[in-house]
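See below for the structure under consideration.
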Amino acid sequence: MNFYSITFSPTGGTQRVADILSHTLAASVEAVDLTDRSRDFSSLSFSSSDVCLVSVPSYGGRVPQPAAQRLAQIQGGGARAILVCVYGNRAYEDTLVELQDLLTQAGFSCVAGVAAVAEHSILRKFAAGRPNQADEATLTAFGQEIGRRLEEGTLPQPLTLPGNRPYRPFGVIPMHPKAGKSCQGCGLCAQTCPVGAIPVDQPTQVDEKACISCMRCVSVCPRHSRSVNPLVLSAASLKLKKACTQPKACELFL
């Protein structure tokens with residue numbers, strides 16, 4: 001049995017959750033980075049003997065569009081898929097059911113689902129420090145239970161997950177980080193942007209139509225030069241304060 005961790009994690013929160021689960025589930029893990037826009041995902045194919053942990057963040061209660069497009073190119077080949085949705089303590093809404101539909105259509109067999117909380121990628125005061133020690137213990141226990149069920153062959157089919165079909169309309173607060181005066185044009189943001197929204201030859205610029213507000217450029221900038229308009233951040237914080245303040249727990253679906 002080969003184990004793969006397929007992850008879309010622009011700022012690292014989803015990756016941390018995926019790492020906790022994958023290290024519990026398997027001694028050897030092959031990573032597939034869905035943020036790598038240069039990769040040909042149509043060349044990826046799996047078989048029924050494989051297990052894939054597929055982890056995405058929730059963007060406005062949906063699967064990020066680039067992740068959805070790249071997952072749709074993969075040939076599942078009957079591989080068992082463990083679905084992971086990571087959100088910033090607001091709500092994940094239709095993310096898990098959309099991910100289930102995408103993977104089913106790609107030929108995967110969806111056997112388990114996890115919803116986990118990580119620090120909000122834009123408004124970092126929400127769910128700050130998560131996944132924390134308690135989350136890690138919970139996720140480790142989840143991983144152990146999923147692993148036991150995989151070995152015993154007792155994972156239920158079909159998998160029932162929370163969410164709605166049709167999905168909620170896709171929409172997030174548009175926040176496009178801009179480069180400040182401290183930018184030295186190193187181009188790291190342009191090289192690592194999951195959608196190529198930052199011109200390589202003009203890294204101080206951004207294509208706002210292409211930008212998905214994932215904050216990868218903010219997280220990788222060595223001089224902390226890229227940022228979002230503070231007035232927009234303040235307005236968004238006030239809007240989400242009530243929904244994001246009360247800590248939410250990780251959830252397991254089998």
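Within each chain, counting starts at residue 1; across the structure tokens, chains are named A, B, ... in the order shown, with ligands numbered 1 upward in that order.
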Item to complete: Using DSSP on the backbone coordinates, identify the residues of range 66-136 of chain A assigned to strand (DSSP E or B); present them as a ChimeraX atom specification.
Response: /A:75,80-87,109-117
Give me, as CSV, the closest atom pair and its distance (Å, one decimal) for every residue of range 86-126 of chain A within a cut-off of 9 Å of range 165-174 of chain A, counting only C-alpha atoms, rows sorted by chain and rising number.
```
residue,atom,partner,partner_atom,distance
A:Glu93,CA,A:Arg168,CA,8.0
A:Asp94,CA,A:Tyr167,CA,5.9
A:Thr95,CA,A:Tyr167,CA,8.5
A:Val97,CA,A:Arg165,CA,7.8
A:Glu98,CA,A:Tyr167,CA,7.3
```
Practice prompt. For range 248-251 of chain A, list every protein, DNA or RNA residue within 9 Å, evaluated using only C-alpha atoms, and leave out those in the same chain fewer than 6 positions away; present the list as a PyMOL selection string.
Written response: chain A and resi 89-91+113-117+127+135+138-139+142
Just the alpha helix (DSSP H) stuff from range 27-169 of chain A, please, per backbone DSSP, written as a PDB file with N, CA and C atoms, in the first residue's frame.
```
ATOM      1  N   GLN A  65     -10.629  27.255  -6.222  1.00  0.00           N
ATOM      2  CA  GLN A  65     -10.803  26.889  -7.630  1.00  0.00           C
ATOM      3  C   GLN A  65      -9.557  26.266  -8.261  1.00  0.00           C
ATOM      4  N   PRO A  66      -8.343  26.785  -8.012  1.00  0.00           N
ATOM      5  CA  PRO A  66      -7.169  26.131  -8.602  1.00  0.00           C
ATOM      6  C   PRO A  66      -6.995  24.704  -8.106  1.00  0.00           C
ATOM      7  N   ALA A  67      -7.282  24.468  -6.827  1.00  0.00           N
ATOM      8  CA  ALA A  67      -7.182  23.114  -6.284  1.00  0.00           C
ATOM      9  C   ALA A  67      -8.196  22.203  -6.953  1.00  0.00           C
ATOM     10  N   ALA A  68      -9.417  22.702  -7.135  1.00  0.00           N
ATOM     11  CA  ALA A  68     -10.466  21.908  -7.784  1.00  0.00           C
ATOM     12  C   ALA A  68     -10.067  21.544  -9.208  1.00  0.00           C
ATOM     13  N   GLN A  69      -9.538  22.502  -9.923  1.00  0.00           N
ATOM     14  CA  GLN A  69      -9.140  22.259 -11.315  1.00  0.00           C
ATOM     15  C   GLN A  69      -8.014  21.242 -11.404  1.00  0.00           C
ATOM     16  N   ARG A  70      -7.076  21.288 -10.491  1.00  0.00           N
ATOM     17  CA  ARG A  70      -5.931  20.371 -10.522  1.00  0.00           C
ATOM     18  C   ARG A  70      -6.327  18.971 -10.060  1.00  0.00           C
ATOM     19  N   LEU A  71      -7.184  18.884  -9.070  1.00  0.00           N
ATOM     20  CA  LEU A  71      -7.657  17.580  -8.628  1.00  0.00           C
ATOM     21  C   LEU A  71      -8.445  16.878  -9.731  1.00  0.00           C
ATOM     22  N   THR A  95     -17.430  22.758   1.610  1.00  0.00           N
ATOM     23  CA  THR A  95     -16.095  22.374   1.138  1.00  0.00           C
ATOM     24  C   THR A  95     -15.924  20.862   1.067  1.00  0.00           C
ATOM     25  N   LEU A  96     -16.345  20.141   2.102  1.00  0.00           N
ATOM     26  CA  LEU A  96     -16.138  18.695   2.120  1.00  0.00           C
ATOM     27  C   LEU A  96     -16.969  17.973   1.062  1.00  0.00           C
ATOM     28  N   VAL A  97     -18.218  18.366   0.883  1.00  0.00           N
ATOM     29  CA  VAL A  97     -19.025  17.669  -0.131  1.00  0.00           C
ATOM     30  C   VAL A  97     -18.538  17.994  -1.538  1.00  0.00           C
ATOM     31  N   GLU A  98     -18.072  19.217  -1.750  1.00  0.00           N
ATOM     32  CA  GLU A  98     -17.517  19.547  -3.064  1.00  0.00           C
ATOM     33  C   GLU A  98     -16.250  18.745  -3.318  1.00  0.00           C
ATOM     34  N   LEU A  99     -15.397  18.626  -2.294  1.00  0.00           N
ATOM     35  CA  LEU A  99     -14.175  17.835  -2.438  1.00  0.00           C
ATOM     36  C   LEU A  99     -14.521  16.370  -2.708  1.00  0.00           C
ATOM     37  N   GLN A 100     -15.523  15.860  -2.025  1.00  0.00           N
ATOM     38  CA  GLN A 100     -15.972  14.484  -2.257  1.00  0.00           C
ATOM     39  C   GLN A 100     -16.425  14.291  -3.705  1.00  0.00           C
ATOM     40  N   ASP A 101     -17.192  15.232  -4.215  1.00  0.00           N
ATOM     41  CA  ASP A 101     -17.677  15.116  -5.592  1.00  0.00           C
ATOM     42  C   ASP A 101     -16.529  15.173  -6.593  1.00  0.00           C
ATOM     43  N   LEU A 102     -15.589  16.076  -6.363  1.00  0.00           N
ATOM     44  CA  LEU A 102     -14.436  16.203  -7.257  1.00  0.00           C
ATOM     45  C   LEU A 102     -13.638  14.904  -7.316  1.00  0.00           C
ATOM     46  N   LEU A 103     -13.382  14.325  -6.140  1.00  0.00           N
ATOM     47  CA  LEU A 103     -12.558  13.125  -6.081  1.00  0.00           C
ATOM     48  C   LEU A 103     -13.304  11.907  -6.623  1.00  0.00           C
ATOM     49  N   THR A 104     -14.600  11.829  -6.358  1.00  0.00           N
ATOM     50  CA  THR A 104     -15.393  10.726  -6.900  1.00  0.00           C
ATOM     51  C   THR A 104     -15.385  10.764  -8.421  1.00  0.00           C
ATOM     52  N   GLN A 105     -15.570  11.957  -8.978  1.00  0.00           N
ATOM     53  CA  GLN A 105     -15.558  12.115 -10.433  1.00  0.00           C
ATOM     54  C   GLN A 105     -14.184  11.788 -11.026  1.00  0.00           C
ATOM     55  N   GLN A 133      -1.752  22.156  20.530  1.00  0.00           N
ATOM     56  CA  GLN A 133      -1.430  20.847  21.108  1.00  0.00           C
ATOM     57  C   GLN A 133      -2.671  19.965  21.249  1.00  0.00           C
ATOM     58  N   ALA A 134      -3.784  20.572  21.652  1.00  0.00           N
ATOM     59  CA  ALA A 134      -5.017  19.797  21.786  1.00  0.00           C
ATOM     60  C   ALA A 134      -5.497  19.303  20.418  1.00  0.00           C
ATOM     61  N   ASP A 135      -5.404  20.171  19.395  1.00  0.00           N
ATOM     62  CA  ASP A 135      -5.777  19.763  18.040  1.00  0.00           C
ATOM     63  C   ASP A 135      -4.918  18.607  17.568  1.00  0.00           C
ATOM     64  N   GLU A 136      -3.615  18.702  17.856  1.00  0.00           N
ATOM     65  CA  GLU A 136      -2.703  17.646  17.419  1.00  0.00           C
ATOM     66  C   GLU A 136      -3.079  16.313  18.045  1.00  0.00           C
ATOM     67  N   ALA A 137      -3.448  16.334  19.312  1.00  0.00           N
ATOM     68  CA  ALA A 137      -3.855  15.100  19.977  1.00  0.00           C
ATOM     69  C   ALA A 137      -5.130  14.542  19.346  1.00  0.00           C
ATOM     70  N   THR A 138      -6.071  15.425  19.048  1.00  0.00           N
ATOM     71  CA  THR A 138      -7.326  15.004  18.425  1.00  0.00           C
ATOM     72  C   THR A 138      -7.080  14.435  17.035  1.00  0.00           C
ATOM     73  N   LEU A 139      -6.279  15.144  16.234  1.00  0.00           N
ATOM     74  CA  LEU A 139      -6.005  14.698  14.868  1.00  0.00           C
ATOM     75  C   LEU A 139      -5.214  13.388  14.856  1.00  0.00           C
ATOM     76  N   THR A 140      -4.311  13.230  15.808  1.00  0.00           N
ATOM     77  CA  THR A 140      -3.563  11.974  15.916  1.00  0.00           C
ATOM     78  C   THR A 140      -4.517  10.824  16.209  1.00  0.00           C
ATOM     79  N   ALA A 141      -5.458  11.053  17.116  1.00  0.00           N
ATOM     80  CA  ALA A 141      -6.458  10.025  17.432  1.00  0.00           C
ATOM     81  C   ALA A 141      -7.325   9.727  16.207  1.00  0.00           C
ATOM     82  N   PHE A 142      -7.705  10.780  15.455  1.00  0.00           N
ATOM     83  CA  PHE A 142      -8.459  10.581  14.218  1.00  0.00           C
ATOM     84  C   PHE A 142      -7.672   9.689  13.265  1.00  0.00           C
ATOM     85  N   GLY A 143      -6.392  10.021  13.079  1.00  0.00           N
ATOM     86  CA  GLY A 143      -5.548   9.264  12.168  1.00  0.00           C
ATOM     87  C   GLY A 143      -5.437   7.804  12.571  1.00  0.00           C
ATOM     88  N   GLN A 144      -5.301   7.572  13.866  1.00  0.00           N
ATOM     89  CA  GLN A 144      -5.210   6.194  14.361  1.00  0.00           C
ATOM     90  C   GLN A 144      -6.498   5.423  14.093  1.00  0.00           C
ATOM     91  N   GLU A 145      -7.635   6.089  14.285  1.00  0.00           N
ATOM     92  CA  GLU A 145      -8.922   5.434  14.031  1.00  0.00           C
ATOM     93  C   GLU A 145      -9.105   5.133  12.543  1.00  0.00           C
ATOM     94  N   ILE A 146      -8.760   6.096  11.698  1.00  0.00           N
ATOM     95  CA  ILE A 146      -8.861   5.870  10.252  1.00  0.00           C
ATOM     96  C   ILE A 146      -7.934   4.735   9.829  1.00  0.00           C
ATOM     97  N   GLY A 147      -6.710   4.737  10.364  1.00  0.00           N
ATOM     98  CA  GLY A 147      -5.753   3.685  10.037  1.00  0.00           C
ATOM     99  C   GLY A 147      -6.255   2.307  10.452  1.00  0.00           C
ATOM    100  N   ARG A 148      -6.844   2.230  11.635  1.00  0.00           N
ATOM    101  CA  ARG A 148      -7.390   0.955  12.108  1.00  0.00           C
ATOM    102  C   ARG A 148      -8.501   0.482  11.186  1.00  0.00           C
ATOM    103  N   ARG A 149      -9.387   1.400  10.796  1.00  0.00           N
ATOM    104  CA  ARG A 149     -10.497   1.035   9.914  1.00  0.00           C
ATOM    105  C   ARG A 149      -9.992   0.617   8.527  1.00  0.00           C
ATOM    106  N   LEU A 150      -8.934   1.288   8.053  1.00  0.00           N
ATOM    107  CA  LEU A 150      -8.359   0.898   6.759  1.00  0.00           C
ATOM    108  C   LEU A 150      -7.834  -0.537   6.805  1.00  0.00           C
ATOM    109  N   GLU A 151      -7.129  -0.865   7.882  1.00  0.00           N
ATOM    110  CA  GLU A 151      -6.574  -2.209   8.022  1.00  0.00           C
ATOM    111  C   GLU A 151      -7.671  -3.266   8.129  1.00  0.00           C
ATOM    112  N   GLU A 152      -8.720  -2.924   8.842  1.00  0.00           N
ATOM    113  CA  GLU A 152      -9.807  -3.884   9.052  1.00  0.00           C
ATOM    114  C   GLU A 152     -10.767  -3.930   7.873  1.00  0.00           C
TER     115      GLU A 152
END
```
Discussion item. Can you tell me which residues surround Ala18 in chain A at a distance of at most 8 Å, considering only C-alpha atoms, apart from same-chain residues fewer than 2 positions away, and format the answer as a PyMOL selection string?
Written reply: chain A and resi 5+7+14-16+20-22+53+55+84
Fill in: Straight-line distance linking CA of Ser182 in chain A with CA of Val195 in chain A, stated in Å to one decimal
23.8 Å
Response to the item:
Using only C-alpha atoms, the best pick from A:Ser121, A:Ala128, A:Gly76, A:Arg37 as closest to Gly196 in chain A would be A:Arg37
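When the distance limit is 6 Å and only C-alpha atoms are what count, the residues near range 200-216 of chain A, minus those fewer than 3 positions from it on the same chain, are Pro10, Thr11, Met175, His176, Ala179, Gly185, Gly187, Ala190, Ala197 and Ser219 of chain A.
Remark: for Leu254 in chain A, the closest of the candidate residues A:Gly77, A:Gly88, A:Pro162, A:Pro199 is A:Pro162 (distances computed over only C-alpha atoms).
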Item to complete: Grab the CA of Pro158 in chain A to CA of Ala79 in chain A distance for me, in Å with one decimal place.
Response: 14.5 Å
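Residues in contact with Asp36 in chain A at 9 Å, where only C-alpha atoms are counted and same-chain residues fewer than 4 positions away are skipped, are listed as Phe8, Val32, Thr192, Cys193, Pro194 and Val195 of chain A.
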Those same residues, written as a tab-separated table (two decimals), in the first residue's frame with C-alpha atoms?
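And here's selection-v9.tsv as it stands now:
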```tsv
chain	number	residue	atom	x	y	z
A	8	PHE	CA	-3.16	22.74	-1.39
A	32	VAL	CA	1.98	16.08	-3.99
A	192	THR	CA	5.66	30.64	-5.66
A	193	CYS	CA	2.25	32.21	-6.41
A	194	PRO	CA	-0.09	29.23	-7.01
A	195	VAL	CA	-1.84	30.96	-9.92
```
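Using only C-alpha atoms, the smallest distance between any of A:Gly78, A:Pro156, A:Pro222, A:Gly13 and Gly129 in chain A comes from A:Gly13.
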Practice prompt. Using only C-alpha atoms, pick whichever of A:Ser43, A:Val220, A:Leu83, A:Gly61 has the shortest atom-to-atom distance to Leu161 in chain A.
Written response: A:Leu83
